[in-house]
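A.B. asks: One structure coming up, written as structure tokens, with questions to follow.
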There are 2 protein chains.
Amino acid sequence: MTLAHSLSFPDSLRDGPTVGDLGEFEVIRVITEQAGSSLNGDDAAVLRHASPNSRAVVTTDMLVAGRHFQLDWSTPEQIGQKAIVQNFADIEAMGARPVAALLAISAPTHTPVEFVRGLARGMNQRLEEYSAELVGGDITSGDSLVIAVTAIGQLGGSLPELTLGRARPGQTLVAHGKIGYSAAGLALLQHFGPDNVPEHLRPLVDAHCAPVLTPGRGMVARAAGATAMTDNSDGLIVDLNQMAMKSGVRIDVDSSSISPDELLSEAASVLGTDAWRWILSGGEDHTLLSTTFGDAPSGFRTIGQVTKTRHEDLVTVDKKTPAFSDGWRSF
Amino acid sequence: MTLAHSLSFPDSLRDGPTVGDLGEFEVIRVITEQAGSSLNGDDAAVLRHASPNSRAVVTTDMLVAGRHFQLDWSTPEQIGQKAIVQNFADIEAMGARPVAALLAISAPTHTPVEFVRGLARGMNQRLEEYSAELVGGDITSGDSLVIAVTAIGQLGGSLPELTLGRARPGQTLVAHGKIGYSAAGLALLQHFGPDNVPEHLRPLVDAHCAPVLTPGRGMVARAAGATAMTDNSDGLIVDLNQMAMKSGVRIDVDSSSISPDELLSEAASVLGTDAWRWILSGGEDHTLLSTTFGDAPSGFRTIGQVTKTRHEDLVTVDKKTPAFSDGWRSF
């Protein structure tokens with residue numbers, strides 16, 4: 001039996017029609033009811049005028065059911081929220097402002113309309129935090145449930161964008177958001193299943209299923225003088241390694257600044273594992289990681305330094321080889 | 001057996017490594033070798049400055065193997081070409097200029113790297129015609145082969161965009177490009193299989209597997225005073241019906257201007273079918289359909305009139321109900 005045939009939706013979604021019952025136009029109507037935009041409904045969406053001299057910023061991510069999300073672990077709303085956050089984090093990581101999203105779905109005909117409705121509702125919840133809109137998309141049938149979200153942002157002003165290649169020795173490394181929570185939540189779900197995670201550890205599961213990103217931090221950091229930025233999507237060490245490599249620098253992380261908090265320690269103790277694995281190689285937190293010569297921008301905390309110290313590793317923790325350094329693998 | 005498991009690649013692609021063998025980073029390198037851009041390689045792509053006062057235009061389409069393309073009918077290059085053309089046609093249909101694309105792929109681990117290389121090469125062939133670039137994307141494993149392409153365009157100048165809702169009584173309906181060729185090619189493939197289509201009918205198969213769109217026709221029409229535009233993607237009558245509905249008008253097509261040419265007539269005769277079905281309900285030609293008060297813009301020909309005549313159908317052919325009016329169904 002393949003994943004395609006074993007794709008089953010939770011009972012809570014199965015009352016009601018399927019996308020095959022409703023057909024394309026009605027399903028699109030369900031989506032636009034939840035996440036509407038006056039820019040939607042033509043061959044393509046023409047965005048509103050941006051501030052003068054601004055540039056468009058674009059990124060896309062594909063989520064496959066059974067691989068990037070589990071239908072019995074996450075609600076459709078959470079899947080929608082996560083899809084927006086992970087894409088908007090990439091826009092923020094350039095120092096830009098997310099303004100719009102596109103949604104393409106391939107779904108088996110037996111997909112409940114309620115799944116699509118929840119997905120769109122969840123997307124809209126996060127879109128609204130940004131005053132952004134779902135401006136278009138595509139829906140088709142297919143054996144697998146696959147969601148592709150594209151985010152569009154605007155980069156205004158004359159400061160350069162925040163790239164992976166602009167970290168400079170002497171800068172401090174700063175972070176906004178939790179690190180390791182998503183991986184801990186995933187481990188808890190793998191161990192306990194969706195219904196039996198100890199109540200006091202639920203925040204970690206929530207961080208995995210629906211990560212939160214405070215809007216505007218990328219713009220704030222750019223305005224405050226940050227030069228390099230990325231988000232913690234594939235794993236802290238992996239993502240910092242990309243930055244170090246593209247910038248031609250070394251990055252040293254201060255372990256005391258990212259050490260497990262009470263919740264992570266408790267989860268690690270319950271599962272009999274090392275919380276540092278989640279912190280250093282977990283990813284999917286979509287925490288913003290940035291470098292700057294000045295003080296940590298508002299909302300950020302210092303977690304390390306950019307150096308030119310020779311070391312066999314591009315990224316070190318307390319000047320030593322990280323205990324864990326693997327990350328997400330697509331294949 | 002499900003489609004996922006029956007997904008098999010032609011022998012010609014199977015010499016060499018799979019995407020699972022190479023891993024994500026190497027596969028991305030293969031793609032960027034074929035379709036490179038200096039804008040690629042960061043969390044998101046920051047596009048170049050557009051002309052002052054211009055707006056970003058975005059659209060996305062998802063292609064599922066076995067549904068939107070067949071691996072034994074189309075080469076990877078053709079699939080890439082078609083993915084760009086169908087997305088860029090939507091940008092053109094707003095009167096805008098396509099400038100960039102994003103590519104997201106979900107692929108089984110046994111997908112030959114050669115497929116991905118060919119796909120990227122085909123995309124780049126069409127991108128180059130537009131001086132456009134593949135600026136980013138995402139690749140992941142999944143049971144199905146699913147491709148999502150996003151197109152980004154720029155709409156400059158002060159003329160409004162070309163929408164479905166701006167057709168006006170008294171205008172002429174104009175078209176750029178072949179109508180019915182793609183559907184005829186599909187019918188030939190379904191009947192003869194990929195290797196046995198009569199040689200003189202191959203141009204119809206090519207039009208199906210790799211439709212061609214002359215760059216810039218949307219901008220030309222907008223500059224020449226066109227007001228409404230769409231592309232023939234779901235079927236001529238279906239697409240014109242959308243335009244008529246959103247504009248609150250009737251559209252009458254002049255049959256003599258779209259009647260089967262020698263090639264379509266020959267194919268219909270060989271298959272014992274009516275070529276008008278392909279013309280009226282075929283779709284996928286990505287022909288531009290537009291309305292204008294003036295003469296047909298350069299590259300366009302007149303194929304009908306926008307009216308306010310009362311008729312039970314929004315779209316008529318020679319003022320009568322069309323012989324065929326169905327179109328593509330996603331579910």
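Naming works like this for the structure tokens: A, B, ... for the chains as they're shown, residue 1 at the start of each chain, ligands 1 onward in shown order.
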Return the neighbours of chain B among the residues of chain A, cut-off 6 Å, counting only C-alpha atoms, as JSON, numbers by chain.
C.D. replies: {"A": [20, 23, 24, 43, 44, 45, 46, 47, 49, 55, 56, 57, 58, 59, 60, 61, 90, 91, 137, 138, 140, 141, 330, 331]}
A.B. asks: With C-alpha atoms retained, write the just-selected residues as a compact mmCIF listing (two decimals), in the first residue's frame.
C.D. replies:
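File written: result-v3.txt
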```txt
# COMPACT_ATOMS: atom_id res chain seq x y z
CA GLY A 20 -14.56 15.66 -5.92
CA GLY A 23 -15.74 20.42 -8.19
CA GLU A 24 -13.10 23.03 -8.89
CA ASP A 43 -5.59 35.06 -14.99
CA ALA A 44 -3.00 36.52 -12.64
CA ALA A 45 -3.08 38.87 -9.65
CA VAL A 46 -1.87 42.43 -10.11
CA LEU A 47 -0.55 43.56 -6.73
CA HIS A 49 1.50 49.72 -5.99
CA ARG A 55 11.58 45.64 -5.19
CA ALA A 56 9.51 42.46 -5.28
CA VAL A 57 10.73 39.51 -3.18
CA VAL A 58 9.53 35.98 -3.91
CA THR A 59 9.91 32.49 -2.45
CA THR A 60 8.08 29.16 -2.58
CA ASP A 61 7.82 26.02 -0.43
CA ASP A 90 11.90 33.60 4.12
CA ILE A 91 10.59 37.01 3.03
CA GLY A 137 -3.70 29.89 -6.83
CA ASP A 138 -4.48 26.64 -8.52
CA THR A 140 -6.09 20.11 -9.20
CA SER A 141 -6.70 16.47 -8.42
CA SER A 330 14.83 16.42 1.38
CA PHE A 331 15.92 13.05 -0.04
```
A.B. asks: Range 198-200 of chain A: which residues within 10 Å, counting only C-alpha atoms, same-chain residues fewer than 3 positions away excluded, as a JSON list (two decimals) with C-alpha atoms, in the first residue's frame?
C.D. replies:
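Full text of result.json as output:
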```
[["chain", "number", "residue", "atom", "x", "y", "z"],
["A", 188, "LEU", "CA", 6.85, 14.26, 21.37],
["A", 192, "PHE", "CA", 3.20, 9.81, 22.29],
["A", 195, "ASP", "CA", -3.57, 12.58, 21.74],
["A", 203, "PRO", "CA", 3.39, 24.29, 23.73],
["A", 204, "LEU", "CA", 6.22, 22.36, 22.05],
["A", 205, "VAL", "CA", 3.75, 20.45, 19.89],
["A", 263, "LEU", "CA", 10.19, 23.13, 28.83],
["A", 266, "GLU", "CA", 11.50, 18.55, 30.76],
["A", 267, "ALA", "CA", 10.65, 17.14, 27.32],
["A", 270, "VAL", "CA", 10.56, 12.60, 29.56]]
```
A.B. asks: Give me every strand (DSSP E) residue in range 54-208 of chain A, going by DSSP on the backbone, as JSON, numbers by chain.
C.D. replies: {"A": [55, 56, 57, 58, 59, 60, 61, 62, 63, 64, 97, 98, 99, 100, 101, 102, 103, 104, 105, 106, 107, 133, 134, 135, 136, 137, 138, 139, 140, 141, 146, 147, 148, 149, 150, 151, 152, 153, 154, 155, 172, 173, 174, 175, 176]}
A.B. asks: Using Å and a single decimal, report how far CA of His286 in chain A sits from CA of Gly218 in chain A.
C.D. replies: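 Interatomic distance here is 11.9 Å.
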A.B. asks: Would you kindly return, as a PyMOL selection string, each protein, DNA or RNA residue with an atom no farther than 12 Å from any atom of Arg117 in chain A, considering only C-alpha atoms and excluding same-chain residues fewer than 3 positions away?
C.D. replies: chain A and resi 13+16-19+26-35+75-80+111-114+120-124
A.B. asks: Next, write the just-selected residues to a file, as a PDB file, in the first residue's frame, keeping N, CA and C atoms as the atom set.
C.D. replies:
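File part.pdb, as written:
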```pdb
ATOM      1  N   LEU A  13     -13.056  15.498  10.019  1.00  0.00           N
ATOM      2  CA  LEU A  13     -13.179  16.227   8.749  1.00  0.00           C
ATOM      3  C   LEU A  13     -14.111  15.522   7.772  1.00  0.00           C
ATOM      4  N   GLY A  16     -19.411  15.517   5.517  1.00  0.00           N
ATOM      5  CA  GLY A  16     -19.547  16.571   4.520  1.00  0.00           C
ATOM      6  C   GLY A  16     -18.935  16.166   3.202  1.00  0.00           C
ATOM      7  N   PRO A  17     -19.071  17.034   2.222  1.00  0.00           N
ATOM      8  CA  PRO A  17     -18.673  16.689   0.856  1.00  0.00           C
ATOM      9  C   PRO A  17     -17.158  16.644   0.671  1.00  0.00           C
ATOM     10  N   THR A  18     -16.737  15.963  -0.373  1.00  0.00           N
ATOM     11  CA  THR A  18     -15.326  15.936  -0.765  1.00  0.00           C
ATOM     12  C   THR A  18     -15.104  16.968  -1.878  1.00  0.00           C
ATOM     13  N   VAL A  19     -13.836  17.220  -2.164  1.00  0.00           N
ATOM     14  CA  VAL A  19     -13.544  18.173  -3.247  1.00  0.00           C
ATOM     15  C   VAL A  19     -14.042  17.617  -4.580  1.00  0.00           C
ATOM     16  N   GLU A  26     -16.448  25.411  -7.078  1.00  0.00           N
ATOM     17  CA  GLU A  26     -16.997  25.507  -5.731  1.00  0.00           C
ATOM     18  C   GLU A  26     -15.892  25.450  -4.678  1.00  0.00           C
ATOM     19  N   VAL A  27     -14.888  24.619  -4.908  1.00  0.00           N
ATOM     20  CA  VAL A  27     -13.781  24.528  -3.947  1.00  0.00           C
ATOM     21  C   VAL A  27     -13.023  25.860  -3.894  1.00  0.00           C
ATOM     22  N   ILE A  28     -12.848  26.472  -5.051  1.00  0.00           N
ATOM     23  CA  ILE A  28     -12.194  27.789  -5.075  1.00  0.00           C
ATOM     24  C   ILE A  28     -13.029  28.802  -4.284  1.00  0.00           C
ATOM     25  N   ARG A  29     -14.348  28.680  -4.416  1.00  0.00           N
ATOM     26  CA  ARG A  29     -15.220  29.591  -3.675  1.00  0.00           C
ATOM     27  C   ARG A  29     -15.055  29.391  -2.162  1.00  0.00           C
ATOM     28  N   VAL A  30     -14.916  28.130  -1.743  1.00  0.00           N
ATOM     29  CA  VAL A  30     -14.691  27.830  -0.324  1.00  0.00           C
ATOM     30  C   VAL A  30     -13.398  28.491   0.156  1.00  0.00           C
ATOM     31  N   ILE A  31     -12.370  28.407  -0.665  1.00  0.00           N
ATOM     32  CA  ILE A  31     -11.080  29.009  -0.295  1.00  0.00           C
ATOM     33  C   ILE A  31     -11.187  30.525  -0.206  1.00  0.00           C
ATOM     34  N   THR A  32     -11.809  31.127  -1.208  1.00  0.00           N
ATOM     35  CA  THR A  32     -11.851  32.594  -1.223  1.00  0.00           C
ATOM     36  C   THR A  32     -12.817  33.146  -0.171  1.00  0.00           C
ATOM     37  N   GLU A  33     -13.762  32.316   0.269  1.00  0.00           N
ATOM     38  CA  GLU A  33     -14.601  32.745   1.397  1.00  0.00           C
ATOM     39  C   GLU A  33     -13.770  32.892   2.659  1.00  0.00           C
ATOM     40  N   GLN A  34     -12.796  31.991   2.827  1.00  0.00           N
ATOM     41  CA  GLN A  34     -11.958  32.022   4.021  1.00  0.00           C
ATOM     42  C   GLN A  34     -10.813  33.018   3.883  1.00  0.00           C
ATOM     43  N   ALA A  35     -10.307  33.143   2.681  1.00  0.00           N
ATOM     44  CA  ALA A  35      -9.105  33.964   2.459  1.00  0.00           C
ATOM     45  C   ALA A  35      -9.308  34.744   1.163  1.00  0.00           C
ATOM     46  N   THR A  75      -4.061  20.100  12.680  1.00  0.00           N
ATOM     47  CA  THR A  75      -5.349  20.469  12.097  1.00  0.00           C
ATOM     48  C   THR A  75      -5.090  21.149  10.749  1.00  0.00           C
ATOM     49  N   PRO A  76      -6.093  21.168   9.884  1.00  0.00           N
ATOM     50  CA  PRO A  76      -5.932  21.891   8.619  1.00  0.00           C
ATOM     51  C   PRO A  76      -5.543  23.351   8.847  1.00  0.00           C
ATOM     52  N   GLU A  77      -6.113  23.957   9.908  1.00  0.00           N
ATOM     53  CA  GLU A  77      -5.780  25.349  10.210  1.00  0.00           C
ATOM     54  C   GLU A  77      -4.281  25.489  10.506  1.00  0.00           C
ATOM     55  N   GLN A  78      -3.755  24.554  11.304  1.00  0.00           N
ATOM     56  CA  GLN A  78      -2.332  24.614  11.644  1.00  0.00           C
ATOM     57  C   GLN A  78      -1.453  24.438  10.411  1.00  0.00           C
ATOM     58  N   ILE A  79      -1.870  23.535   9.517  1.00  0.00           N
ATOM     59  CA  ILE A  79      -1.100  23.328   8.289  1.00  0.00           C
ATOM     60  C   ILE A  79      -1.073  24.621   7.469  1.00  0.00           C
ATOM     61  N   GLY A  80      -2.205  25.282   7.418  1.00  0.00           N
ATOM     62  CA  GLY A  80      -2.268  26.561   6.706  1.00  0.00           C
ATOM     63  C   GLY A  80      -1.417  27.631   7.367  1.00  0.00           C
ATOM     64  N   THR A 111     -10.557  14.065  -0.788  1.00  0.00           N
ATOM     65  CA  THR A 111     -10.196  15.070   0.222  1.00  0.00           C
ATOM     66  C   THR A 111     -11.455  15.807   0.697  1.00  0.00           C
ATOM     67  N   PRO A 112     -11.697  15.837   1.999  1.00  0.00           N
ATOM     68  CA  PRO A 112     -12.883  16.565   2.475  1.00  0.00           C
ATOM     69  C   PRO A 112     -12.757  18.059   2.183  1.00  0.00           C
ATOM     70  N   VAL A 113     -13.855  18.650   1.759  1.00  0.00           N
ATOM     71  CA  VAL A 113     -13.867  20.100   1.557  1.00  0.00           C
ATOM     72  C   VAL A 113     -13.471  20.804   2.861  1.00  0.00           C
ATOM     73  N   GLU A 114     -13.855  20.186   3.991  1.00  0.00           N
ATOM     74  CA  GLU A 114     -13.547  20.771   5.291  1.00  0.00           C
ATOM     75  C   GLU A 114     -12.031  20.916   5.501  1.00  0.00           C
ATOM     76  N   ALA A 120      -7.382  27.015   4.293  1.00  0.00           N
ATOM     77  CA  ALA A 120      -7.500  28.416   3.869  1.00  0.00           C
ATOM     78  C   ALA A 120      -7.725  29.331   5.069  1.00  0.00           C
ATOM     79  N   ARG A 121      -8.520  28.851   6.036  1.00  0.00           N
ATOM     80  CA  ARG A 121      -8.777  29.651   7.228  1.00  0.00           C
ATOM     81  C   ARG A 121      -7.479  29.877   7.999  1.00  0.00           C
ATOM     82  N   GLY A 122      -6.694  28.819   8.157  1.00  0.00           N
ATOM     83  CA  GLY A 122      -5.415  28.931   8.861  1.00  0.00           C
ATOM     84  C   GLY A 122      -4.451  29.865   8.143  1.00  0.00           C
ATOM     85  N   MET A 123      -4.402  29.747   6.823  1.00  0.00           N
ATOM     86  CA  MET A 123      -3.547  30.656   6.053  1.00  0.00           C
ATOM     87  C   MET A 123      -3.971  32.092   6.313  1.00  0.00           C
ATOM     88  N   ASN A 124      -5.296  32.317   6.272  1.00  0.00           N
ATOM     89  CA  ASN A 124      -5.781  33.678   6.416  1.00  0.00           C
ATOM     90  C   ASN A 124      -5.488  34.266   7.796  1.00  0.00           C
TER      91      ASN A 124
END
```
A.B. asks: Can you list, as a list in words, every protein, DNA or RNA residue that comes within 8 Å of Met219 in chain B when you count only C-alpha atoms, leaving out same-chain residues fewer than 3 positions away?
C.D. replies: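 Counting only the stated atoms, we get Glu92, Gly95, Ala96, Arg97, Gly216, Arg222 and Ala223 of chain B.
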A.B. asks: Filtering to all heavy atoms, could you give me those residues as a CSV table (one decimal), in the first residue's frame?
C.D. replies:
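File out.csv, as written:
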```csv
chain,number,residue,atom,x,y,z
B,92,GLU,N,1.0,37.5,-19.4
B,92,GLU,CA,0.7,38.2,-20.6
B,92,GLU,C,-0.8,38.6,-20.7
B,92,GLU,O,-1.1,39.7,-21.2
B,92,GLU,CB,1.0,37.3,-21.8
B,92,GLU,CG,2.5,37.0,-22.0
B,92,GLU,CD,3.1,37.9,-23.1
B,92,GLU,OE1,2.5,38.8,-23.6
B,92,GLU,OE2,4.3,37.6,-23.4
B,95,GLY,N,-1.6,41.9,-19.6
B,95,GLY,CA,-0.9,42.9,-20.3
B,95,GLY,C,0.4,43.2,-19.7
B,95,GLY,O,1.0,44.3,-20.0
B,96,ALA,N,0.9,42.3,-19.0
B,96,ALA,CA,2.2,42.5,-18.2
B,96,ALA,C,3.3,41.7,-18.8
B,96,ALA,O,3.2,40.9,-19.8
B,96,ALA,CB,2.0,42.1,-16.8
B,97,ARG,N,4.5,42.0,-18.3
B,97,ARG,CA,5.8,41.4,-18.8
B,97,ARG,C,6.3,40.4,-17.8
B,97,ARG,O,6.6,40.7,-16.7
B,97,ARG,CB,6.8,42.5,-19.1
B,97,ARG,CG,8.1,42.0,-19.7
B,97,ARG,CD,8.9,43.1,-20.2
B,97,ARG,NE,9.4,44.0,-19.1
B,97,ARG,CZ,10.6,43.8,-18.5
B,97,ARG,NH1,11.4,42.8,-18.9
B,97,ARG,NH2,11.0,44.6,-17.6
B,216,GLY,N,5.4,39.0,-25.5
B,216,GLY,CA,5.1,40.4,-25.6
B,216,GLY,C,3.8,40.8,-26.2
B,216,GLY,O,3.4,42.0,-26.2
B,222,ARG,N,-2.2,45.7,-24.9
B,222,ARG,CA,-2.5,46.7,-23.9
B,222,ARG,C,-2.2,48.1,-24.4
B,222,ARG,O,-3.0,49.1,-24.3
B,222,ARG,CB,-1.8,46.4,-22.6
B,222,ARG,CG,-2.0,47.4,-21.5
B,222,ARG,CD,-1.5,46.8,-20.2
B,222,ARG,NE,-1.5,47.8,-19.1
B,222,ARG,CZ,-0.4,48.3,-18.6
B,222,ARG,NH1,0.8,47.9,-19.1
B,222,ARG,NH2,-0.4,49.2,-17.6
B,223,ALA,N,-1.0,48.2,-25.0
B,223,ALA,CA,-0.6,49.5,-25.6
B,223,ALA,C,-1.5,50.0,-26.7
B,223,ALA,O,-1.7,51.2,-26.9
B,223,ALA,CB,0.9,49.4,-26.0
```
A.B. asks: For Thr172 in chain B, which of B:Asp72, B:Asp15, B:Asp295, B:Glu128 is the closest residue, counting only C-alpha atoms?
C.D. replies: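 So, comparing all the options, the nearest one is B:Asp295.
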A.B. asks: Quick check, in Å to one decimal: how far apart do CA of Thr214 in chain B and CA of Phe115 in chain B lie?
C.D. replies: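 So the answer is 25.9 Å.
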A.B. asks: In range 90-315 of chain A, what's alpha helix (DSSP H) per DSSP? Answer as a ChimeraX atom specification?
C.D. replies: /A:90-92,113-129,181-192,202-209,217-223,236-247,255-258,262-271,275-281
A.B. asks: Set the distance at 8 Å and use only C-alpha atoms: which residues neighbour Thr287 in chain B once local chain neighbours fewer than 5 positions away are removed? I'd like the list as a list in words.
C.D. replies: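 The neighbour list is Ala89, Ala175, His176, Gly177, Lys178, Ile179, Leu213, Asp231, Asn232 and Ser233 of chain B.
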A.B. asks: Taking 3 positions as the minimum chain separation for residues in the same chain, which residues sit within 12 Å of Gly185 in chain A when counting only C-alpha atoms? Answer as a CSV table (one decimal) with N, CA and C atoms, in the first residue's frame.
C.D. replies:
```csv
chain,number,residue,atom,x,y,z
A,73,TRP,N,-1.8,14.7,13.1
A,73,TRP,CA,-1.1,15.5,14.1
A,73,TRP,C,-1.5,16.9,14.1
A,74,SER,N,-1.7,17.4,12.9
A,74,SER,CA,-2.0,18.9,12.7
A,74,SER,C,-3.4,19.1,12.2
A,179,ILE,N,14.2,28.5,19.8
A,179,ILE,CA,15.1,27.5,19.0
A,179,ILE,C,15.0,26.1,19.6
A,180,GLY,N,14.6,25.2,18.8
A,180,GLY,CA,14.5,23.8,19.3
A,180,GLY,C,13.1,23.3,19.7
A,181,TYR,N,12.2,24.3,19.7
A,181,TYR,CA,10.8,23.9,20.1
A,181,TYR,C,10.1,23.0,19.1
A,182,SER,N,10.3,23.3,17.8
A,182,SER,CA,9.6,22.6,16.8
A,182,SER,C,10.1,21.1,16.8
A,188,LEU,N,7.9,14.6,20.5
A,188,LEU,CA,6.8,14.3,21.4
A,188,LEU,C,5.7,13.6,20.6
A,189,LEU,N,5.4,14.1,19.4
A,189,LEU,CA,4.3,13.5,18.6
A,189,LEU,C,4.7,12.1,18.2
A,190,GLN,N,6.0,12.0,17.8
A,190,GLN,CA,6.5,10.6,17.3
A,190,GLN,C,6.4,9.6,18.5
A,191,HIS,N,6.6,10.1,19.7
A,191,HIS,CA,6.7,9.2,20.8
A,191,HIS,C,5.2,8.9,21.4
A,192,PHE,N,4.5,10.0,21.6
A,192,PHE,CA,3.2,9.8,22.3
A,192,PHE,C,2.0,9.7,21.3
A,193,GLY,N,2.2,10.1,20.1
A,193,GLY,CA,1.0,10.2,19.2
A,193,GLY,C,0.3,11.5,19.5
A,194,PRO,N,-0.6,11.9,18.7
A,194,PRO,CA,-1.2,13.3,18.8
A,194,PRO,C,-2.1,13.5,20.1
A,197,VAL,N,0.2,13.4,24.3
A,197,VAL,CA,1.4,14.3,24.8
A,197,VAL,C,1.0,14.9,26.1
A,198,PRO,N,1.9,14.8,27.1
A,198,PRO,CA,1.6,15.4,28.4
A,198,PRO,C,1.2,16.9,28.2
A,200,HIS,N,1.5,19.7,29.8
A,200,HIS,CA,2.4,20.8,30.1
A,200,HIS,C,3.4,20.9,28.9
A,201,LEU,N,3.5,19.9,28.1
A,201,LEU,CA,4.5,19.9,27.0
A,201,LEU,C,3.8,20.3,25.7
A,202,ARG,N,2.5,20.6,25.7
A,202,ARG,CA,1.8,20.9,24.5
A,202,ARG,C,2.3,22.1,23.7
A,203,PRO,N,2.9,23.1,24.5
A,203,PRO,CA,3.4,24.3,23.7
A,203,PRO,C,4.5,23.9,22.7
A,204,LEU,N,5.2,22.8,23.0
A,204,LEU,CA,6.2,22.4,22.1
A,204,LEU,C,5.6,21.8,20.8
A,205,VAL,N,4.5,21.0,21.0
A,205,VAL,CA,3.8,20.4,19.9
A,205,VAL,C,3.1,21.6,19.1
A,206,ASP,N,2.6,22.6,19.7
A,206,ASP,CA,2.0,23.7,19.0
A,206,ASP,C,3.1,24.4,18.2
A,207,ALA,N,4.3,24.5,18.8
A,207,ALA,CA,5.4,25.2,18.0
A,207,ALA,C,5.7,24.4,16.8
A,208,HIS,N,5.6,23.1,16.9
A,208,HIS,CA,5.9,22.3,15.7
A,208,HIS,C,4.7,22.4,14.6
A,209,CYS,N,3.5,22.3,15.1
A,209,CYS,CA,2.4,22.2,14.2
A,209,CYS,C,2.0,23.6,13.6
A,210,ALA,N,2.2,24.6,14.4
A,210,ALA,CA,1.9,26.0,14.0
A,210,ALA,C,2.9,27.0,14.5
A,211,PRO,N,4.1,27.0,14.0
A,211,PRO,CA,5.1,28.0,14.5
A,211,PRO,C,4.6,29.4,14.4
A,263,LEU,N,11.1,24.0,29.6
A,263,LEU,CA,10.2,23.1,28.8
A,263,LEU,C,11.0,22.1,28.0
A,264,LEU,N,12.0,22.6,27.3
A,264,LEU,CA,12.8,21.7,26.5
A,264,LEU,C,13.5,20.6,27.4
A,267,ALA,N,11.0,18.0,28.4
A,267,ALA,CA,10.6,17.1,27.3
A,267,ALA,C,11.8,16.2,27.1
A,268,ALA,N,13.0,16.6,27.1
A,268,ALA,CA,14.2,15.8,26.9
A,268,ALA,C,14.2,14.7,28.0
A,271,LEU,N,11.6,12.1,27.4
A,271,LEU,CA,11.9,11.2,26.3
A,271,LEU,C,13.2,10.5,26.4
A,275,ALA,N,18.3,17.5,24.8
A,275,ALA,CA,17.6,18.6,24.2
A,275,ALA,C,18.5,19.4,23.2
A,278,TRP,N,17.8,18.9,19.5
A,278,TRP,CA,16.7,19.7,19.0
A,278,TRP,C,17.1,21.1,18.7
A,279,ILE,N,17.9,21.6,19.6
A,279,ILE,CA,18.4,23.0,19.4
A,279,ILE,C,19.3,23.2,18.3
A,282,GLY,N,17.6,20.8,14.9
A,282,GLY,CA,16.1,20.6,14.7
A,282,GLY,C,15.5,21.3,13.5
A,283,GLY,N,15.7,22.6,13.4
A,283,GLY,CA,15.1,23.4,12.3
A,283,GLY,C,13.6,23.6,12.5
A,284,GLU,N,12.9,24.1,11.5
A,284,GLU,CA,11.5,24.3,11.4
A,284,GLU,C,10.9,25.3,12.5
A,285,ASP,N,11.8,25.9,13.3
A,285,ASP,CA,11.3,27.0,14.2
A,285,ASP,C,11.0,28.3,13.5
```
A.B. asks: Point out the residue among B:Ile251, B:Ala228, B:Leu134, B:Leu159 with the least atom-to-atom distance to Ser38 in chain B, counting only C-alpha atoms.
C.D. replies: B:Leu134
